[in-house]
Amino acid sequence: MIKKKIHYIKIALIGVLMGITFLFFEPFIHVYLFKKHNFLEELFRPDRHEMWMRSFVISLFILFGFYAQNSLNKREELKEKFRKQSEFLNTVIEALSYPFYVIDVRDYAVKIANRAARKGTTGEIETCYHLTHRSGNPCGGEHHICPLEEVKKTKQPAIVEHIHYDTAGNAINAEVHGYPIFDENNNVIQMIECVLDITRRRQAEKELIKTIRELERSNTELEQFAYVASHDLQEPLRMVASYVQLLEKRYRDKLDTQANEFINYAVEGVIRMQRLISDLLTYSRVGTRSIEFKSVSCEDVVKQVINNLEEAIKEKKGVVTYSNLPAVTADEVQLVQLFQNLISNAIKFSQADVLPRIQIEARRQKVSNNSMEKESAHGEEIMEWVFSVKDNGIGISPEHFKRIFVVFQRLHTRSKYPGAGMGLAICKKIVGRHGGQIWVESELGKGSAFYFTIPEKKEG
Amino acid sequence: MSDGVKIGPFEVLMIEDNPADVRLVEEAFKESNINNNLSVVEDGVEAVEFLHRQGKYANVLRPDLILLDLNLPRKNGVEVLQEIKSESNLRTIPVIILTVSKAEQDINKVYNLHANCYIIKPVDFHEFIRIIKGIHDFWFTIAKLPRG
């Protein structure tokens, strides 16, 4: 405002100046052109007021001229600015790699369509439905919601999914974004429409789902197979074992010690096989249980395990201690299995002349580098519990640290330490199913410490 | 005599299709010096006929105990169990499920249908003898059976 005022004051001052100039100009002309003698006499002649009037009017005209010129200039400037801005916006719109439209919501007429939108069309572009759907009618119905109708109704931006067709007639999965443009009465008069091609995304999604289904199916089949195989294998085993034992019992007097030895080996073999199959069954069942994680108290679990292993613990005069064990979101039955395998191992692999002492502890930490996810979907840090089962047993040599977690891998002869070699493999599978990691630290002759992590999860 | 309780020898009906398993039970009884009368039928349909004393089973004695396997041809063990436990004159006979399956859902199902107990056949024969003797001791000397 002040700028304008100063502007006009400036023009007024110039005008006045010009007026005064012309006031002196006329007598000047009179003196030089018309050879009158006295400048001052001319300046202050009696009919001077006419001259003053004339000067005044002329200066007014000149003033007006300046003003008009100024206005014209300003208009030109604005026009230029406007043109530049328009050009800029146009460039931006044309540069967009996805189709961009401005559509009149009343008659579906396309007001603006950028290059990407016009691609492949010939001639005039009329309505939006003609352009994108090659259709004679506006989109409608549940599966093809018209974005204009949505935006008109809700006065908010809307996103709908349509099928568009490209020049070759191929169908494209299109995500249509509509944005309203309002008039003074807050009615929607136009809509800005951007179309994103999400065909590849939808395709990828479909393939992903297909793959998942396939994997699920395959998994189920495998697990069923493992279950059935193990189950059916037990039957003939039982026959062999039972009858060989019956033979031994019934014909004990008629058989020599060698025969008895043979029978013992046979029976032993069968019992071992049976245990193996039983372990295999357990291993295969780790995955088949439906994922029902609930909050489980680890203290209760460990108490239960100590109870289960009471006999073995008492036999070796072992002591199992635990402290500050948390509650975690887990599958309770499998957690029992996990702790039981680890603790029973600790008891089993104790040193001959040392009473087994087993300590179970837990501490909370940020998810470490070993684990896969470090942040939840919301970018929060995921915390995990690191459990440790430490013993003072025979220990493990470092070269075996990875092997022991593999199915059927054993480090000792069967006569020294019985077992099928599945306990730790089962532990690893259970820990893996809970999203954690398991590893061991150990020194031969001193003892071992088994660590595993269970990430903190929200229930459900 | 007058308190209505039966004393041996007891009638045991075994419903089992594997003759090897039947033989094992017989031998187990023998090893434990148990003198029971063991009748055997091979499938569920025969079992029902036996219990109803139909056809060739017209003159059989009512069993005091039933050993039932779950994997049977024609009519499976669960169906037989249901039938026995649904008839008023048969359901007082204790039914012992003697089978191979360890599956929790099998165990639960069977107890839900009022089986008297569920026993898993062991691999070890000595263990098996112990179980058979245990069954005999429990059901025939500790527990009291109703008169049929």
# chains A, B, ... in the order shown; residues from 1 in each chain; ligands from 1
$ residues_around --residues "Lys102 (chain B)" --least-positions-apart "5" --cutoff "12 Å" --atoms "only C-alpha atoms" --output "PyMOL selection string"
(chain A and resi 227+230-231+234+278+281-282) or (chain B and resi 70+97+107-108+118-122)
$ select_by_dssp --residues "region 162-251 of chain A" --states "helix (DSSP H, G or I)" --output "PyMOL selection string"
chain A and resi 199-250
$ write_last_selection --atoms "N, CA and C atoms" --output "short mmCIF file (atom, residue, chain, number, x, y, z; two decimals), in the first residue's frame"
data_model
loop_
_atom_site.label_atom_id
_atom_site.label_comp_id
_atom_site.auth_asym_id
_atom_site.auth_seq_id
_atom_site.Cartn_x
_atom_site.Cartn_y
_atom_site.Cartn_z
N THR A 199 0.76 -52.19 -11.90
CA THR A 199 0.65 -53.54 -12.45
C THR A 199 1.74 -54.44 -11.91
N ARG A 200 2.96 -53.91 -11.89
CA ARG A 200 4.07 -54.76 -11.44
C ARG A 200 3.91 -55.13 -9.98
N ARG A 201 3.46 -54.14 -9.20
CA ARG A 201 3.28 -54.40 -7.77
C ARG A 201 2.24 -55.49 -7.56
N ARG A 202 1.09 -55.36 -8.26
CA ARG A 202 0.02 -56.35 -8.10
C ARG A 202 0.50 -57.72 -8.55
N GLN A 203 1.25 -57.71 -9.64
CA GLN A 203 1.79 -58.98 -10.16
C GLN A 203 2.67 -59.64 -9.12
N ALA A 204 3.59 -58.83 -8.58
CA ALA A 204 4.51 -59.35 -7.56
C ALA A 204 3.73 -59.90 -6.38
N GLU A 205 2.70 -59.16 -5.98
CA GLU A 205 1.88 -59.62 -4.86
C GLU A 205 1.26 -60.97 -5.16
N LYS A 206 0.70 -61.07 -6.38
CA LYS A 206 0.05 -62.34 -6.75
C LYS A 206 1.03 -63.48 -6.70
N GLU A 207 2.22 -63.22 -7.24
CA GLU A 207 3.23 -64.28 -7.27
C GLU A 207 3.67 -64.65 -5.88
N LEU A 208 3.80 -63.62 -5.04
CA LEU A 208 4.20 -63.88 -3.67
C LEU A 208 3.19 -64.78 -2.97
N ILE A 209 1.91 -64.43 -3.15
CA ILE A 209 0.88 -65.24 -2.51
C ILE A 209 0.93 -66.67 -3.03
N LYS A 210 1.12 -66.76 -4.34
CA LYS A 210 1.18 -68.10 -4.92
C LYS A 210 2.33 -68.90 -4.31
N THR A 211 3.49 -68.25 -4.21
CA THR A 211 4.65 -68.92 -3.65
C THR A 211 4.41 -69.33 -2.21
N ILE A 212 3.80 -68.43 -1.46
CA ILE A 212 3.54 -68.76 -0.06
C ILE A 212 2.61 -69.96 0.05
N ARG A 213 1.55 -69.92 -0.78
CA ARG A 213 0.62 -71.06 -0.75
C ARG A 213 1.34 -72.36 -1.06
N GLU A 214 2.18 -72.27 -2.09
CA GLU A 214 2.91 -73.45 -2.51
C GLU A 214 3.81 -73.96 -1.40
N LEU A 215 4.51 -73.04 -0.76
CA LEU A 215 5.40 -73.41 0.35
C LEU A 215 4.61 -74.02 1.49
N GLU A 216 3.48 -73.39 1.80
CA GLU A 216 2.65 -73.91 2.89
C GLU A 216 2.24 -75.34 2.59
N ARG A 217 1.82 -75.53 1.37
CA ARG A 217 1.35 -76.85 0.97
C ARG A 217 2.50 -77.85 1.08
N SER A 218 3.62 -77.47 0.52
CA SER A 218 4.77 -78.36 0.53
C SER A 218 5.21 -78.69 1.95
N ASN A 219 5.20 -77.66 2.78
CA ASN A 219 5.56 -77.86 4.19
C ASN A 219 4.65 -78.85 4.88
N THR A 220 3.36 -78.62 4.69
CA THR A 220 2.39 -79.52 5.31
C THR A 220 2.60 -80.94 4.84
N GLU A 221 2.81 -81.08 3.54
CA GLU A 221 3.04 -82.41 2.99
C GLU A 221 4.25 -83.07 3.63
N LEU A 222 5.34 -82.33 3.71
CA LEU A 222 6.57 -82.85 4.29
C LEU A 222 6.37 -83.27 5.73
N GLU A 223 5.67 -82.41 6.46
CA GLU A 223 5.49 -82.72 7.87
C GLU A 223 4.58 -83.91 8.06
N GLN A 224 3.57 -83.97 7.21
CA GLN A 224 2.70 -85.14 7.28
C GLN A 224 3.49 -86.39 6.97
N PHE A 225 4.31 -86.29 5.93
CA PHE A 225 5.13 -87.42 5.54
C PHE A 225 6.03 -87.86 6.69
N ALA A 226 6.71 -86.90 7.30
CA ALA A 226 7.60 -87.24 8.41
C ALA A 226 6.83 -87.92 9.51
N TYR A 227 5.66 -87.37 9.80
CA TYR A 227 4.85 -87.93 10.88
C TYR A 227 4.43 -89.35 10.56
N VAL A 228 3.86 -89.53 9.37
CA VAL A 228 3.37 -90.85 8.99
C VAL A 228 4.52 -91.84 8.95
N ALA A 229 5.63 -91.42 8.34
CA ALA A 229 6.78 -92.31 8.23
C ALA A 229 7.23 -92.77 9.60
N SER A 230 7.42 -91.81 10.49
CA SER A 230 7.88 -92.17 11.82
C SER A 230 6.88 -93.07 12.52
N HIS A 231 5.64 -92.71 12.38
CA HIS A 231 4.59 -93.45 13.03
C HIS A 231 4.56 -94.89 12.56
N ASP A 232 4.54 -95.06 11.25
CA ASP A 232 4.43 -96.40 10.69
C ASP A 232 5.69 -97.22 10.87
N LEU A 233 6.80 -96.52 11.06
CA LEU A 233 8.04 -97.26 11.25
C LEU A 233 8.10 -97.91 12.63
N GLN A 234 7.34 -97.35 13.55
CA GLN A 234 7.41 -97.87 14.92
C GLN A 234 6.81 -99.26 15.04
N GLU A 235 5.78 -99.51 14.26
CA GLU A 235 5.09 -100.80 14.34
C GLU A 235 5.99 -101.99 14.13
N PRO A 236 6.62 -102.12 12.98
CA PRO A 236 7.46 -103.30 12.76
C PRO A 236 8.61 -103.37 13.76
N LEU A 237 9.06 -102.20 14.18
CA LEU A 237 10.12 -102.18 15.19
C LEU A 237 9.69 -102.89 16.46
N ARG A 238 8.48 -102.57 16.82
CA ARG A 238 7.95 -103.14 18.04
C ARG A 238 7.87 -104.65 17.93
N MET A 239 7.48 -105.12 16.76
CA MET A 239 7.39 -106.55 16.52
C MET A 239 8.76 -107.20 16.70
N VAL A 240 9.74 -106.60 16.02
CA VAL A 240 11.08 -107.19 16.09
C VAL A 240 11.57 -107.24 17.52
N ALA A 241 11.48 -106.09 18.19
CA ALA A 241 12.01 -106.02 19.56
C ALA A 241 11.30 -107.02 20.47
N SER A 242 9.97 -106.96 20.41
CA SER A 242 9.21 -107.81 21.33
C SER A 242 9.51 -109.28 21.11
N TYR A 243 9.51 -109.72 19.87
CA TYR A 243 9.70 -111.16 19.63
C TYR A 243 11.12 -111.61 19.89
N VAL A 244 12.07 -110.76 19.59
CA VAL A 244 13.45 -111.15 19.92
C VAL A 244 13.58 -111.29 21.44
N GLN A 245 12.95 -110.39 22.14
CA GLN A 245 13.01 -110.48 23.60
C GLN A 245 12.27 -111.70 24.11
N LEU A 246 11.17 -111.97 23.47
CA LEU A 246 10.39 -113.16 23.86
C LEU A 246 11.23 -114.42 23.62
N LEU A 247 11.88 -114.44 22.47
CA LEU A 247 12.78 -115.55 22.14
C LEU A 247 13.79 -115.76 23.27
N GLU A 248 14.40 -114.65 23.63
CA GLU A 248 15.44 -114.69 24.66
C GLU A 248 14.90 -115.25 25.96
N LYS A 249 13.72 -114.75 26.33
CA LYS A 249 13.13 -115.21 27.58
C LYS A 249 12.79 -116.68 27.54
N ARG A 250 12.14 -117.08 26.47
CA ARG A 250 11.60 -118.43 26.40
C ARG A 250 12.69 -119.47 26.23
#
$ interface_residues --of "chain B" --to "chain A" --cutoff "8 Å" --atoms "only C-alpha atoms" --output "list in words"
Ala20, Asp21, Leu24, Val100, Ser101, Pro122, Val123, Asp124, Phe125 and His126 of chain B
$ residues_around --residues "region 49-62 of chain A" --least-positions-apart "5" --cutoff "10 Å" --atoms "only C-alpha atoms" --output "compact mmCIF listing (two decimals) with N, CA and C atoms, in the first residue's frame"
# COMPACT_ATOMS: atom_id res chain seq x y z
N ALA A 12 2.88 12.51 -9.11
CA ALA A 12 2.33 13.86 -8.90
C ALA A 12 3.43 14.91 -8.90
N ILE A 14 6.37 14.69 -10.25
CA ILE A 14 6.90 14.85 -11.61
C ILE A 14 5.98 15.74 -12.44
N GLY A 15 4.67 15.48 -12.26
CA GLY A 15 3.70 16.26 -13.00
C GLY A 15 3.84 17.77 -12.70
N VAL A 16 3.92 18.02 -11.42
CA VAL A 16 4.06 19.44 -11.00
C VAL A 16 5.32 20.06 -11.59
N LEU A 17 6.38 19.29 -11.49
CA LEU A 17 7.66 19.74 -12.06
C LEU A 17 7.51 20.06 -13.53
N MET A 18 6.84 19.16 -14.25
CA MET A 18 6.65 19.35 -15.69
C MET A 18 5.83 20.60 -15.95
N GLY A 19 4.81 20.79 -15.11
CA GLY A 19 3.96 21.98 -15.27
C GLY A 19 4.79 23.27 -15.14
N ILE A 20 5.58 23.25 -14.09
CA ILE A 20 6.42 24.45 -13.88
C ILE A 20 7.37 24.64 -15.04
N THR A 21 7.92 23.57 -15.53
CA THR A 21 8.83 23.65 -16.68
C THR A 21 8.15 24.32 -17.87
N PHE A 22 6.92 23.88 -18.18
CA PHE A 22 6.23 24.45 -19.34
C PHE A 22 5.85 25.91 -19.13
N LEU A 23 5.64 26.17 -17.82
CA LEU A 23 5.37 27.58 -17.49
C LEU A 23 6.49 28.48 -17.96
N PHE A 24 7.68 28.01 -17.78
CA PHE A 24 8.84 28.80 -18.21
C PHE A 24 9.17 28.59 -19.68
N PHE A 25 8.65 27.49 -20.22
CA PHE A 25 8.98 27.14 -21.60
C PHE A 25 8.38 28.13 -22.60
N GLU A 26 7.11 28.47 -22.36
CA GLU A 26 6.46 29.35 -23.32
C GLU A 26 7.17 30.71 -23.47
N PRO A 27 7.39 31.42 -22.35
CA PRO A 27 8.10 32.70 -22.53
C PRO A 27 9.46 32.52 -23.17
N LEU A 43 7.07 36.36 -18.79
CA LEU A 43 6.67 35.39 -17.77
C LEU A 43 5.49 35.94 -16.96
N PHE A 44 5.56 37.28 -16.69
CA PHE A 44 4.52 37.81 -15.82
C PHE A 44 3.56 38.74 -16.56
N TYR A 67 1.25 7.91 -16.36
CA TYR A 67 0.48 6.94 -15.57
C TYR A 67 0.05 5.77 -16.44
N ALA A 68 -0.47 6.13 -17.61
CA ALA A 68 -0.94 5.07 -18.52
C ALA A 68 0.21 4.15 -18.89
$ residues_around --residues "Gln304 (chain A)" --least-positions-apart "4" --cutoff "9 Å" --atoms "only C-alpha atoms" --output "PyMOL selection string"
chain A and resi 299-300+308-309+336+340
$ residues_around --residues "Ala171 (chain A)" --least-positions-apart "4" --cutoff "10 Å" --atoms "only C-alpha atoms" --output "ChimeraX atom specification"
/A:133,162-167,199
$ atom_distance --atom1 "CA of Ala362 (chain A)" --atom2 "CA of Glu315 (chain A)"
27.0 Å
$ closest_residue --among "B:Arg23, B:Arg74, B:Lys144, B:Lys30" --to "Val48 (chain B)" --atoms "only C-alpha atoms"
B:Arg74
$ residues_around --residues "Ile66 (chain B)" --least-positions-apart "2" --cutoff "8 Å" --atoms "only C-alpha atoms" --output "ChimeraX atom specification"
/B:12-15,63-64,68,93-96
$ atom_distance --atom1 "CA of Leu98 (chain B)" --atom2 "CA of Leu81 (chain B)"
12.2 Å
$ residues_around --residues "Asn71 (chain B)" --least-positions-apart "3" --cutoff "9 Å" --atoms "only C-alpha atoms" --output "ChimeraX atom specification"
/B:16-17,76-78,99-100
$ write_last_selection --atoms "N, CA, C and O atoms" --output "PDB file, in the first residue's frame"
ATOM      1  N   GLU B  16      -8.204-106.983  18.124  1.00  0.00           N
ATOM      2  CA  GLU B  16      -6.901-106.664  17.547  1.00  0.00           C
ATOM      3  C   GLU B  16      -6.740-107.416  16.241  1.00  0.00           C
ATOM      4  O   GLU B  16      -7.031-108.609  16.162  1.00  0.00           O
ATOM      5  N   ASP B  17      -6.262-106.722  15.199  1.00  0.00           N
ATOM      6  CA  ASP B  17      -6.183-107.369  13.888  1.00  0.00           C
ATOM      7  C   ASP B  17      -4.792-107.931  13.597  1.00  0.00           C
ATOM      8  O   ASP B  17      -4.604-108.691  12.652  1.00  0.00           O
ATOM      9  N   ASN B  76     -13.571 -98.845  12.825  1.00  0.00           N
ATOM     10  CA  ASN B  76     -12.365 -98.545  13.597  1.00  0.00           C
ATOM     11  C   ASN B  76     -12.636 -98.512  15.104  1.00  0.00           C
ATOM     12  O   ASN B  76     -13.776 -98.502  15.547  1.00  0.00           O
ATOM     13  N   GLY B  77     -11.571 -98.520  15.862  1.00  0.00           N
ATOM     14  CA  GLY B  77     -11.631 -98.659  17.308  1.00  0.00           C
ATOM     15  C   GLY B  77     -12.506 -97.618  17.984  1.00  0.00           C
ATOM     16  O   GLY B  77     -13.238 -97.914  18.933  1.00  0.00           O
ATOM     17  N   VAL B  78     -12.445 -96.396  17.473  1.00  0.00           N
ATOM     18  CA  VAL B  78     -13.232 -95.326  18.084  1.00  0.00           C
ATOM     19  C   VAL B  78     -14.720 -95.617  17.965  1.00  0.00           C
ATOM     20  O   VAL B  78     -15.496 -95.444  18.913  1.00  0.00           O
ATOM     21  N   THR B  99      -2.899 -99.351  22.215  1.00  0.00           N
ATOM     22  CA  THR B  99      -2.611 -98.985  20.834  1.00  0.00           C
ATOM     23  C   THR B  99      -1.237 -98.354  20.708  1.00  0.00           C
ATOM     24  O   THR B  99      -0.528 -98.169  21.694  1.00  0.00           O
ATOM     25  N   VAL B 100      -0.861 -98.031  19.453  1.00  0.00           N
ATOM     26  CA  VAL B 100       0.482 -97.509  19.221  1.00  0.00           C
ATOM     27  C   VAL B 100       0.548 -95.977  19.237  1.00  0.00           C
ATOM     28  O   VAL B 100       1.599 -95.408  19.456  1.00  0.00           O
TER      29      VAL B 100
END
$ select_by_dssp --residues "region 5-134 of chain B" --states "strand (DSSP E)" --output "list in words"
Glu11, Val12, Leu13, Met14, Ile15, Asn37, Leu38, Ser39, Val40, Val41, Leu65, Ile66, Leu67, Leu68, Val95, Ile96, Ile97, Leu98, Thr99, Cys117, Tyr118, Ile119 and Ile120 of chain B
